[in-house]
>>> print(open('entry-v2.txt').read())   # compact mmCIF, C-alpha atoms and all ligand atoms
# COMPACT_ATOMS: atom_id res chain seq x y z
CA MET L 1 -211.51 -124.79 -2.08
CA THR L 2 -213.04 -121.40 -1.28
CA ASP L 3 -215.29 -121.22 1.74
CA TRP L 4 -218.25 -119.58 -0.04
CA ALA L 5 -220.60 -120.03 2.92
CA GLY L 6 -218.08 -118.12 5.04
CA CYS L 7 -217.88 -115.43 2.39
CA LEU L 8 -221.64 -115.10 2.41
CA ALA L 9 -221.76 -114.90 6.18
CA LYS L 10 -219.14 -112.13 6.20
CA GLY L 11 -220.87 -110.34 3.33
CA ARG L 12 -217.76 -110.65 1.12
CA GLY L 13 -219.73 -110.35 -2.12
CA ARG L 14 -216.76 -109.53 -4.29
CA GLN L 15 -214.67 -112.45 -3.11
CA LEU L 16 -217.62 -114.77 -3.62
CA LEU L 17 -218.25 -113.48 -7.12
CA ALA L 18 -214.54 -113.90 -7.98
CA TRP L 19 -214.69 -117.47 -6.71
CA ALA L 20 -217.88 -118.13 -8.69
CA ARG L 21 -216.28 -116.76 -11.83
CA ALA L 22 -213.15 -118.90 -11.36
CA ALA L 23 -215.30 -121.98 -10.84
CA ALA L 24 -217.32 -121.06 -13.92
CA ARG L 25 -214.17 -120.80 -16.00
CA ASP L 26 -213.17 -124.23 -14.80
CA THR L 27 -216.53 -125.69 -15.69
CA MET L 28 -216.50 -124.04 -19.09
CA ALA L 29 -213.17 -125.62 -19.96
CA ARG L 30 -214.73 -129.01 -19.30
CA LEU L 31 -217.93 -128.22 -21.13
CA GLN L 32 -216.66 -126.67 -24.32
CA PRO L 33 -219.77 -127.41 -26.47
CA THR L 34 -222.05 -125.50 -24.15
CA GLN L 35 -219.64 -122.68 -23.41
CA ASP L 36 -221.50 -120.05 -25.43
CA ARG L 37 -224.79 -120.55 -23.63
CA PHE L 38 -223.05 -120.55 -20.26
CA MET L 39 -221.25 -117.27 -20.95
CA ARG L 40 -224.55 -115.56 -21.65
CA ARG L 41 -225.65 -115.97 -18.07
CA THR L 42 -225.41 -113.02 -15.71
CA PRO L 43 -222.99 -113.19 -12.74
CA ALA L 44 -226.07 -113.72 -10.55
CA ALA L 45 -227.15 -116.66 -12.69
CA LEU L 46 -223.62 -118.12 -12.55
CA LEU L 47 -223.71 -117.84 -8.80
CA ALA L 48 -227.10 -119.53 -8.70
CA LEU L 49 -225.68 -122.41 -10.72
CA MET L 50 -222.72 -122.81 -8.39
CA LEU L 51 -224.86 -122.73 -5.27
CA ALA L 52 -227.18 -125.33 -6.74
CA GLY L 53 -224.17 -127.54 -7.36
CA ALA L 54 -224.86 -127.56 -11.05
CA SER L 55 -221.88 -129.08 -12.77
CA SER L 56 -223.43 -131.12 -15.50
CA ALA L 57 -224.03 -130.31 -19.11
CA VAL L 58 -227.69 -131.13 -18.58
CA ALA L 59 -228.03 -128.29 -16.11
CA LEU L 60 -226.28 -125.92 -18.49
CA GLU L 61 -228.48 -126.87 -21.40
CA GLY L 62 -231.69 -126.03 -19.54
CA PRO L 63 -232.84 -122.71 -18.13
CA ALA L 64 -230.72 -121.47 -15.19
CA PRO L 65 -232.17 -122.51 -11.82
CA ALA L 66 -233.39 -119.48 -9.92
CA ALA L 67 -231.86 -118.75 -6.52
CA PRO L 68 -234.05 -116.82 -4.10
CA GLY L 69 -233.66 -113.14 -4.81
CA ALA L 70 -231.32 -113.71 -7.78
CA THR L 71 -231.99 -111.97 -11.09
CA VAL L 72 -231.89 -114.66 -13.72
CA ALA L 73 -232.13 -114.37 -17.48
CA THR L 74 -235.11 -116.68 -17.74
CA SER L 75 -236.40 -116.14 -21.27
CA PRO L 76 -235.18 -118.92 -23.53
CA ALA L 77 -236.09 -116.62 -26.44
CA ALA L 78 -233.68 -113.91 -25.23
CA PRO L 79 -231.42 -113.05 -28.18
CA ALA L 80 -227.82 -114.20 -27.98
CA LYS L 81 -226.48 -111.15 -29.75
CA PRO L 82 -227.75 -107.59 -30.05
CA ARG L 83 -229.83 -106.91 -33.13
CA VAL L 84 -228.48 -104.03 -35.15
CA VAL L 85 -229.83 -102.50 -38.35
CA ILE L 86 -227.29 -100.87 -40.68
CA VAL L 87 -228.89 -98.05 -42.64
CA ALA L 88 -226.69 -97.10 -45.59
CA THR L 89 -226.70 -93.66 -47.17
CA GLY L 90 -223.56 -93.76 -49.36
CA GLY L 91 -220.33 -91.80 -48.87
CA THR L 92 -216.74 -92.89 -49.16
CA ILE L 93 -217.31 -95.89 -46.92
CA ALA L 94 -219.29 -97.19 -49.91
CA GLY L 95 -216.84 -95.72 -52.38
CA ALA L 96 -214.83 -97.48 -55.08
CA GLY L 97 -211.67 -96.42 -56.89
CA ALA L 98 -210.07 -97.69 -60.09
CA ASP L 99 -206.96 -98.93 -58.30
CA ALA L 100 -206.03 -100.03 -54.77
CA ALA L 101 -203.57 -97.11 -54.68
CA ASN L 102 -206.44 -94.64 -55.16
CA SER L 103 -207.01 -93.49 -51.60
CA ALA L 104 -208.31 -90.06 -52.57
CA THR L 105 -209.47 -90.41 -56.20
CA TYR L 106 -212.61 -92.51 -56.37
CA GLN L 107 -216.36 -92.36 -56.63
CA ALA L 108 -218.34 -92.20 -53.39
CA ALA L 109 -221.60 -94.12 -52.88
CA LYS L 110 -221.06 -97.16 -55.14
CA VAL L 111 -221.10 -100.28 -52.95
CA PRO L 112 -224.52 -101.50 -51.71
CA VAL L 113 -225.10 -102.17 -48.02
CA ASP L 114 -225.23 -105.98 -48.30
CA LYS L 115 -221.75 -106.00 -49.85
CA LEU L 116 -220.45 -103.68 -47.15
CA ILE L 117 -221.68 -106.08 -44.49
CA ALA L 118 -220.43 -109.18 -46.32
CA ALA L 119 -216.96 -107.62 -46.54
CA VAL L 120 -216.65 -107.67 -42.73
CA PRO L 121 -217.44 -111.26 -41.62
CA ALA L 122 -216.37 -110.44 -38.04
CA ILE L 123 -219.59 -108.43 -37.69
CA ALA L 124 -221.45 -111.73 -37.29
CA ASN L 125 -219.54 -112.37 -34.04
CA VAL L 126 -220.68 -109.07 -32.61
CA ALA L 127 -224.34 -108.70 -33.58
CA ASP L 128 -227.17 -110.01 -35.70
CA VAL L 129 -227.27 -107.40 -38.43
CA ARG L 130 -229.39 -106.60 -41.42
CA GLY L 131 -228.93 -103.80 -43.91
CA GLU L 132 -231.27 -101.19 -45.36
CA GLN L 133 -230.26 -98.95 -48.24
CA ALA L 134 -231.79 -95.52 -47.51
CA PHE L 135 -229.85 -93.55 -50.14
CA GLN L 136 -226.74 -94.00 -52.22
CA ILE L 137 -225.28 -90.48 -52.29
CA ALA L 138 -222.20 -88.48 -51.39
CA SER L 139 -223.05 -86.61 -48.22
CA GLU L 140 -222.44 -83.13 -49.65
CA SER L 141 -225.62 -83.79 -51.66
CA PHE L 142 -227.84 -84.30 -48.60
CA THR L 143 -230.91 -82.04 -48.57
CA ASN L 144 -233.25 -81.15 -45.71
CA ALA L 145 -235.84 -83.48 -47.23
CA GLN L 146 -233.37 -86.39 -47.02
CA LEU L 147 -232.45 -85.50 -43.45
CA VAL L 148 -236.12 -85.62 -42.44
CA ASP L 149 -236.66 -88.83 -44.38
CA LEU L 150 -233.67 -90.53 -42.73
CA ALA L 151 -234.68 -89.39 -39.23
CA LYS L 152 -238.22 -90.76 -39.69
CA LYS L 153 -236.77 -94.07 -40.84
CA VAL L 154 -234.44 -94.28 -37.83
CA SER L 155 -237.23 -93.22 -35.46
CA ALA L 156 -239.40 -96.08 -36.76
CA LEU L 157 -236.53 -98.57 -36.40
CA VAL L 158 -235.69 -97.71 -32.79
CA LYS L 159 -239.34 -98.14 -31.82
CA ARG L 160 -239.18 -101.81 -32.82
CA ASP L 161 -238.70 -104.45 -30.12
CA ASP L 162 -236.46 -106.48 -32.42
CA VAL L 163 -233.95 -103.64 -32.90
CA ASP L 164 -231.36 -102.91 -30.20
CA GLY L 165 -229.33 -100.32 -32.07
CA VAL L 166 -228.90 -98.60 -35.42
CA VAL L 167 -225.76 -97.90 -37.44
CA ILE L 168 -225.84 -95.34 -40.24
CA THR L 169 -223.14 -95.42 -42.90
CA HIS L 170 -222.60 -91.91 -44.24
CA GLY L 171 -220.18 -89.67 -46.11
CA THR L 172 -217.75 -87.76 -43.93
CA ASP L 173 -218.50 -84.33 -45.43
CA THR L 174 -221.81 -83.76 -43.62
CA VAL L 175 -221.97 -86.67 -41.16
CA GLU L 176 -221.55 -84.15 -38.34
CA GLU L 177 -224.76 -82.38 -39.39
CA THR L 178 -226.78 -85.57 -39.77
CA ALA L 179 -225.48 -86.87 -36.42
CA TYR L 180 -226.52 -83.69 -34.63
CA PHE L 181 -229.89 -83.61 -36.37
CA LEU L 182 -230.70 -87.19 -35.32
CA ASP L 183 -229.40 -86.42 -31.81
CA LEU L 184 -231.98 -83.64 -31.54
CA VAL L 185 -235.05 -85.26 -33.07
CA VAL L 186 -235.03 -89.06 -32.57
CA LYS L 187 -236.56 -89.83 -29.19
CA THR L 188 -234.75 -92.91 -28.00
CA ASP L 189 -232.12 -94.18 -25.59
CA LYS L 190 -231.08 -96.95 -27.99
CA PRO L 191 -227.66 -96.39 -29.54
CA ILE L 192 -227.62 -94.67 -32.92
CA VAL L 193 -224.12 -94.77 -34.34
CA MET L 194 -222.90 -92.92 -37.40
CA VAL L 195 -219.97 -94.38 -39.29
CA ALA L 196 -217.92 -93.19 -42.23
CA SER L 197 -214.50 -93.67 -43.73
CA MET L 198 -211.85 -91.51 -45.32
CA ARG L 199 -210.64 -94.13 -47.79
CA PRO L 200 -212.84 -95.98 -50.26
CA SER L 201 -213.49 -99.68 -49.74
CA THR L 202 -211.17 -100.56 -52.63
CA ALA L 203 -208.09 -98.75 -51.25
CA ILE L 204 -205.07 -100.24 -49.50
CA SER L 205 -205.57 -99.77 -45.76
CA ALA L 206 -209.20 -98.83 -46.24
CA ASP L 207 -210.52 -97.67 -42.87
CA GLY L 208 -214.20 -98.46 -43.49
CA ALA L 209 -214.17 -102.15 -42.48
CA LEU L 210 -212.84 -101.61 -38.95
CA ASN L 211 -214.93 -98.47 -38.52
CA LEU L 212 -218.05 -100.45 -39.45
CA LEU L 213 -217.19 -103.33 -37.11
CA ASP L 214 -216.60 -100.81 -34.32
CA ALA L 215 -219.87 -99.02 -35.06
CA VAL L 216 -221.83 -102.27 -34.85
CA THR L 217 -220.04 -103.08 -31.58
CA VAL L 218 -221.04 -99.71 -30.13
CA ALA L 219 -224.61 -99.93 -31.45
CA GLY L 220 -224.99 -103.29 -29.70
CA ALA L 221 -223.41 -102.15 -26.43
CA LYS L 222 -225.73 -101.58 -23.47
CA ASP L 223 -223.34 -98.96 -22.10
CA ALA L 224 -223.78 -96.90 -25.29
CA ARG L 225 -227.45 -96.25 -24.46
CA ALA L 226 -228.65 -92.72 -23.68
CA LYS L 227 -225.40 -91.11 -24.79
CA GLY L 228 -226.88 -89.35 -27.80
CA VAL L 229 -226.06 -90.07 -31.41
CA LEU L 230 -222.45 -91.22 -31.70
CA LEU L 231 -219.82 -91.32 -34.44
CA THR L 232 -217.37 -94.21 -34.48
CA MET L 233 -214.24 -93.69 -36.55
CA ASN L 234 -210.53 -94.22 -36.04
CA ASP L 235 -211.15 -96.27 -32.83
CA GLU L 236 -212.82 -93.26 -31.20
CA ILE L 237 -216.42 -92.82 -30.07
CA GLN L 238 -217.31 -89.20 -30.67
CA ALA L 239 -220.42 -87.32 -29.54
CA GLY L 240 -222.48 -86.56 -32.64
CA ARG L 241 -223.22 -83.11 -31.23
CA ASP L 242 -219.60 -82.13 -30.79
CA THR L 243 -217.65 -83.87 -33.47
CA THR L 244 -216.54 -82.10 -36.61
CA LYS L 245 -214.46 -82.93 -39.67
CA ARG L 246 -211.14 -81.17 -39.26
CA VAL L 247 -208.93 -82.91 -41.81
CA ASN L 248 -209.94 -83.66 -45.38
CA ILE L 249 -207.32 -86.28 -46.18
CA LYS L 250 -206.40 -88.46 -43.18
CA PRO L 251 -208.29 -91.27 -41.37
CA SER L 252 -208.00 -89.21 -38.16
CA ALA L 253 -210.36 -86.64 -39.64
CA PHE L 254 -212.81 -86.11 -36.78
CA PHE L 255 -212.30 -84.09 -33.68
CA SER L 256 -214.22 -82.62 -30.80
CA GLN L 257 -212.79 -79.75 -28.80
CA TRP L 258 -214.19 -81.45 -25.65
CA GLY L 259 -212.59 -84.79 -26.51
CA PRO L 260 -214.12 -88.10 -27.61
CA LEU L 261 -216.62 -89.80 -25.30
CA GLY L 262 -214.69 -93.03 -25.44
CA MET L 263 -212.91 -95.59 -27.53
CA VAL L 264 -213.76 -98.96 -29.03
CA VAL L 265 -210.96 -101.50 -29.18
CA GLU L 266 -211.21 -105.17 -30.18
CA GLY L 267 -214.93 -105.41 -29.59
CA LYS L 268 -215.02 -103.56 -26.28
CA THR L 269 -216.15 -100.05 -25.44
CA TYR L 270 -214.24 -97.75 -23.06
CA TRP L 271 -215.97 -94.56 -21.86
CA PHE L 272 -214.38 -91.42 -20.45
CA ARG L 273 -217.11 -88.77 -20.39
CA ALA L 274 -220.84 -88.36 -21.02
CA PRO L 275 -222.79 -85.66 -22.88
CA VAL L 276 -224.57 -83.06 -20.76
CA LYS L 277 -226.67 -81.37 -23.45
CA ARG L 278 -230.29 -82.36 -24.12
CA HIS L 279 -230.77 -85.07 -26.74
CA GLY L 280 -232.87 -88.14 -27.56
CA THR L 281 -235.49 -88.77 -24.89
CA THR L 282 -234.62 -85.52 -23.08
CA SER L 283 -235.09 -83.42 -26.23
CA GLU L 284 -238.24 -81.34 -26.76
CA PHE L 285 -238.06 -82.07 -30.51
CA ASP L 286 -239.52 -85.13 -32.18
CA ILE L 287 -239.13 -86.09 -35.83
CA ASP L 288 -242.54 -87.76 -35.71
CA SER L 289 -244.06 -84.27 -35.69
CA ILE L 290 -241.61 -82.61 -38.11
CA ASP L 291 -242.19 -82.88 -41.86
CA ALA L 292 -240.00 -80.09 -43.24
CA LEU L 293 -237.24 -77.77 -42.10
CA PRO L 294 -237.12 -74.00 -42.65
CA GLU L 295 -234.29 -72.41 -44.61
CA VAL L 296 -231.30 -71.27 -42.59
CA ALA L 297 -228.32 -69.61 -44.28
CA ILE L 298 -224.70 -69.37 -43.19
CA VAL L 299 -222.73 -66.26 -44.12
CA TYR L 300 -218.99 -66.67 -43.69
CA GLY L 301 -217.26 -63.70 -42.08
CA SER L 302 -214.06 -62.12 -43.35
CA GLY L 303 -212.62 -58.70 -43.94
CA ASN L 304 -214.28 -56.46 -46.56
CA MET L 305 -217.78 -58.00 -46.45
CA HIS L 306 -220.74 -56.89 -48.57
CA PRO L 307 -224.26 -56.52 -47.13
CA GLU L 308 -225.67 -58.42 -50.12
CA ALA L 309 -224.31 -61.66 -48.68
CA TYR L 310 -226.94 -61.26 -45.93
CA THR L 311 -229.77 -59.56 -47.82
CA SER L 312 -229.66 -62.13 -50.61
CA ALA L 313 -230.01 -64.92 -48.02
CA VAL L 314 -233.17 -63.23 -46.75
CA ALA L 315 -234.44 -62.80 -50.32
CA GLY L 316 -233.85 -66.54 -50.76
CA GLY L 317 -236.26 -67.27 -47.90
CA ALA L 318 -233.93 -67.74 -44.93
CA LYS L 319 -235.72 -67.65 -41.58
CA ALA L 320 -232.40 -67.32 -39.78
CA ILE L 321 -228.86 -66.33 -40.70
CA VAL L 322 -225.92 -67.93 -38.94
CA HIS L 323 -223.15 -65.37 -39.02
CA ALA L 324 -219.87 -67.36 -39.05
CA GLY L 325 -218.07 -64.37 -37.66
CA THR L 326 -214.41 -63.74 -37.09
CA GLY L 327 -213.07 -64.33 -33.57
CA ASN L 328 -215.87 -64.14 -31.00
CA GLY L 329 -218.54 -64.04 -33.73
CA SER L 330 -217.68 -60.42 -34.43
CA VAL L 331 -219.72 -58.31 -36.86
CA ALA L 332 -218.00 -55.56 -38.85
CA GLY L 333 -219.16 -52.09 -37.82
CA TYR L 334 -220.37 -51.32 -41.35
CA LEU L 335 -222.63 -54.43 -41.30
CA VAL L 336 -224.37 -53.86 -37.98
CA ASP L 337 -227.25 -51.81 -39.46
CA THR L 338 -227.86 -54.42 -42.16
CA LEU L 339 -228.16 -57.18 -39.56
CA LYS L 340 -230.39 -55.02 -37.33
CA ASP L 341 -232.69 -54.35 -40.30
CA ILE L 342 -232.86 -58.05 -41.10
CA ARG L 343 -233.76 -58.85 -37.48
CA ALA L 344 -236.46 -56.17 -37.55
CA LYS L 345 -238.02 -58.08 -40.48
CA GLY L 346 -238.36 -61.16 -38.22
CA VAL L 347 -235.31 -63.11 -39.43
CA GLN L 348 -233.16 -64.45 -36.57
CA ILE L 349 -229.48 -63.48 -36.40
CA ILE L 350 -227.27 -66.12 -34.79
CA ARG L 351 -223.65 -65.27 -34.07
CA SER L 352 -221.31 -68.24 -34.42
CA SER L 353 -217.58 -68.21 -35.12
CA ARG L 354 -215.40 -69.31 -37.98
CA VAL L 355 -212.60 -70.11 -35.48
CA GLY L 356 -213.62 -73.69 -34.74
CA ASP L 357 -212.95 -73.98 -31.01
CA GLY L 358 -214.06 -72.02 -27.99
CA PHE L 359 -217.56 -70.57 -27.66
CA VAL L 360 -219.18 -67.27 -28.54
CA LEU L 361 -219.85 -65.07 -25.54
CA ARG L 362 -223.19 -63.26 -25.39
CA ASN L 363 -223.09 -59.45 -25.15
CA ALA L 364 -219.29 -59.38 -25.44
CA GLU L 365 -218.34 -58.34 -28.98
CA GLN L 366 -221.88 -57.15 -29.70
CA PRO L 367 -224.81 -56.04 -27.48
CA ASP L 368 -226.96 -59.08 -28.30
CA ASP L 369 -229.67 -58.17 -25.77
CA LYS L 370 -230.08 -54.75 -27.36
CA TYR L 371 -230.11 -56.05 -30.95
CA ASP L 372 -232.23 -59.12 -30.13
CA TRP L 373 -229.61 -61.46 -31.58
CA VAL L 374 -228.68 -64.99 -30.51
CA VAL L 375 -225.26 -66.56 -29.88
CA ALA L 376 -224.50 -70.10 -31.02
CA HIS L 377 -222.62 -71.03 -27.82
CA ASP L 378 -219.99 -73.66 -28.77
CA LEU L 379 -221.75 -74.85 -31.95
CA ASN L 380 -219.83 -74.35 -35.16
CA PRO L 381 -221.78 -72.64 -37.97
CA GLN L 382 -223.00 -75.87 -39.62
CA LYS L 383 -224.24 -77.30 -36.30
CA ALA L 384 -225.84 -73.95 -35.43
CA LYS L 385 -227.66 -74.14 -38.78
CA ILE L 386 -229.11 -77.56 -37.86
CA LEU L 387 -230.25 -76.46 -34.39
CA ALA L 388 -231.78 -73.25 -35.75
CA ALA L 389 -233.67 -75.20 -38.43
CA VAL L 390 -235.03 -77.67 -35.87
CA ALA L 391 -235.94 -74.92 -33.38
CA LEU L 392 -237.64 -72.79 -36.02
CA THR L 393 -239.99 -75.55 -37.13
CA LYS L 394 -242.18 -73.58 -34.69
CA PRO L 395 -242.27 -69.78 -34.48
CA ARG L 396 -240.34 -68.48 -31.46
CA ASP L 397 -238.74 -65.27 -30.27
CA ALA L 398 -234.99 -64.70 -29.95
CA LYS L 399 -235.11 -65.23 -26.19
CA ASP L 400 -236.51 -68.74 -26.56
CA LEU L 401 -234.14 -69.48 -29.43
CA GLN L 402 -231.24 -68.46 -27.17
CA ARG L 403 -232.53 -70.80 -24.44
CA ILE L 404 -232.40 -73.62 -26.97
CA PHE L 405 -228.83 -72.72 -27.93
CA TRP L 406 -227.80 -72.93 -24.26
CA GLU L 407 -229.60 -76.22 -23.62
CA TYR L 408 -228.77 -78.29 -26.74
N1 LIG S 1 -217.60 -86.51 -50.29
C1 LIG S 1 -217.66 -87.74 -49.55
C2 LIG S 1 -218.98 -87.76 -48.81
O1 LIG S 1 -219.15 -87.02 -47.88
C3 LIG S 1 -216.52 -87.79 -48.64
C4 LIG S 1 -216.50 -88.94 -47.67
O2 LIG S 1 -217.42 -89.68 -47.47
O3 LIG S 1 -215.46 -89.09 -47.02
O4 LIG S 1 -219.82 -88.53 -49.16
>>> encode(input="entry-v2.txt", output="structure tokens")
Amino acid sequence: MTDWAGCLAKGRGRQLLAWARAAARDTMARLQPTQDRFMRRTPAALLALMLAGASSAVALEGPAPAAPGATVATSPAAPAKPRVVIVATGGTIAGAGADAANSATYQAAKVPVDKLIAAVPAIANVADVRGEQAFQIASESFTNAQLVDLAKKVSALVKRDDVDGVVITHGTDTVEETAYFLDLVVKTDKPIVMVASMRPSTAISADGALNLLDAVTVAGAKDARAKGVLLTMNDEIQAGRDTTKRVNIKPSAFFSQWGPLGMVVEGKTYWFRAPVKRHGTTSEFDIDSIDALPEVAIVYGSGNMHPEAYTSAVAGGAKAIVHAGTGNGSVAGYLVDTLKDIRAKGVQIIRSSRVGDGFVLRNAEQPDDKYDWVVAHDLNPQKAKILAAVALTKPRDAKDLQRIFWEY
């Protein structure tokens, strides 16, 4: 028998807690029917029970007795499981093919959210979930209007007391854009978790079911709070800001050059790093005061470019052009005057790179200060497009736009 009074006197908190846990395990084995309720108690509450000599089922059935100074979960109405809303938008995770062997030939956005949830009964062990069908589309068809609509929906959900986290099922093609957009404009610390799949639900070894279970696990995890919008696929927890689709055919399709934030394995989260860029509650942007996004164009850099690629974007109403330049966001010498003219007309020029990894250095390949251009930092062109659109919902000069590209 452990001398708990001695432990207390010597301040051996850890030893005492270990003893309390061992005793709790013992008690639980004897009191199988009430095990679930017992497990929900905090270590402090378990300790309180032990100290009070509580060893009967009666004590376990009632509220935990409070020890002086102990933090006890007192509310009998406290939910047993986290409450997670699954907002479905379509994509391959809701896709269906003609045959189980069709892993790549299928129609995206076919299966409704309730069927997706019903197909993964293990979700019920992890969280209390309900589904909402926002859209039923392949993600390449997302428009700015749908992005705004989805963000407003998610913003309203996370404000509710009966919602602990949100999962969004999405196509893989543009999930990285939607994730970053929500990361910037939804002001919350509650987990928002994007999830997708590379194989349709009807395929052999479909990856959607486990990805969805993992996403619900992460959305219900307290340690997933305040980490920005996340993407859960292939056992990995990626930062929505950083992750990008790198492979168009394998389940291991998503990658971040800075590495995943963590992993989710058999219902447990494991974290290895945290985001440092502004997001959620630390963001200056709020979807509740954004109703539309300005046009931003991406022009892909290569050899032998034509100025019309840029001037036609301006004619189409672009308020900014993301130049997906070669190497360090380079601009061909014969295009520099075109881009300077465009900037002089008030359209922002943002130098990103088509390379994928690394980050564009300011004033290196081009004199950005002199030309009043902006660099996209480590954002790939499609992420730079999202940040520019959000930033330019208000008029601002290139200096302030550059500040935003450093901070987000
Ligand atoms: N084109 C599909 C989509 O983005 C691809 C996928 O979901 O994997 O909706």
>>> closest_atom_pairs(input="entry-v2.txt", of="chain L", to="ligand LIG 1 (chain S)", cutoff="9 Å", atoms="all atoms listed in the file", output="Markdown table")
| residue | atom | partner | partner_atom | distance |
| --- | --- | --- | --- | --- |
| L:Thr89 | CA | S:LIG1 | O4 | 8.8 |
| L:Gly90 | CA | S:LIG1 | O4 | 6.4 |
| L:Gly91 | CA | S:LIG1 | O4 | 3.3 |
| L:Thr92 | CA | S:LIG1 | O2 | 3.7 |
| L:Ile93 | CA | S:LIG1 | O2 | 6.2 |
| L:Ala94 | CA | S:LIG1 | O2 | 8.1 |
| L:Gly95 | CA | S:LIG1 | O2 | 7.8 |
| L:Gln107 | CA | S:LIG1 | C1 | 8.6 |
| L:Ala108 | CA | S:LIG1 | O4 | 5.8 |
| L:Ala109 | CA | S:LIG1 | O4 | 6.9 |
| L:Ile137 | CA | S:LIG1 | O4 | 6.6 |
| L:Ala138 | CA | S:LIG1 | O4 | 3.3 |
| L:Ser139 | CA | S:LIG1 | O4 | 3.9 |
| L:Glu140 | CA | S:LIG1 | O1 | 5.4 |
| L:Ser141 | CA | S:LIG1 | O4 | 7.9 |
| L:His170 | CA | S:LIG1 | O2 | 6.5 |
| L:Gly171 | CA | S:LIG1 | O2 | 3.1 |
| L:Thr172 | CA | S:LIG1 | O2 | 4.0 |
| L:Asp173 | CA | S:LIG1 | O1 | 3.7 |
| L:Thr174 | CA | S:LIG1 | O1 | 6.0 |
| L:Val175 | CA | S:LIG1 | O1 | 7.3 |
| L:Ala196 | CA | S:LIG1 | O2 | 6.3 |
| L:Ser197 | CA | S:LIG1 | O3 | 5.7 |
| L:Met198 | CA | S:LIG1 | O3 | 4.7 |
| L:Arg199 | CA | S:LIG1 | O3 | 7.0 |
| L:Pro200 | CA | S:LIG1 | O3 | 8.1 |
| L:Asn248 | CA | S:LIG1 | O3 | 7.9 |
| L:Ile249 | CA | S:LIG1 | O3 | 8.7 |
>>> closest_residue(input="entry-v2.txt", among="L:Ser353, L:Gln133, L:Ser103, L:Ser155", to="Asp288 of chain L", atoms="all atoms listed in the file")
L:Ser155
>>> atom_distance(input="entry-v2.txt", atom1="atom CA of Leu392 of chain L", atom2="atom CA of Glu176 of chain L")
19.8 Å
>>> closest_residue(input="entry-v2.txt", among="L:Ala151, L:Ala118, L:Ile204, L:Ile386", to="Ala98 of chain L", atoms="all atoms listed in the file")
L:Ile204
>>> closest_residue(input="entry-v2.txt", among="L:Val347, L:Ala320, L:Ala315, L:Ala206", to="Val299 of chain L", atoms="only C-alpha atoms")
L:Ala320
>>> residues_around(input="entry-v2.txt", residues="Gln238 of chain L", least_positions_apart="6", cutoff="12 Å", atoms="all atoms listed in the file", output="number ranges by chain")
L: 175-176, 179-180, 192-195, 215, 218, 224, 227-232, 244-245, 252-264, 270-275
>>> residues_around(input="entry-v2.txt", residues="Ala203 of chain L", least_positions_apart="5", cutoff="6 Å", atoms="all atoms listed in the file", output="count of residues only")
4
>>> closest_residue(input="entry-v2.txt", among="L:Gly165, L:Gly303, L:Gly325, L:Gly346", to="Asp397 of chain L", atoms="all atoms listed in the file")
L:Gly346
>>> closest_residue(input="entry-v2.txt", among="L:Val111, L:Ala239, L:Val87, L:Ala124", to="Ile168 of chain L", atoms="all atoms listed in the file")
L:Val87
>>> closest_residue(input="entry-v2.txt", among="L:Ser201, L:Thr169, L:Ser352, L:Arg160", to="Thr105 of chain L", atoms="all atoms listed in the file")
L:Ser201
>>> atom_distance(input="entry-v2.txt", atom1="atom CA of Lys319 of chain L", atom2="atom CA of Gly356 of chain L")
23.9 Å
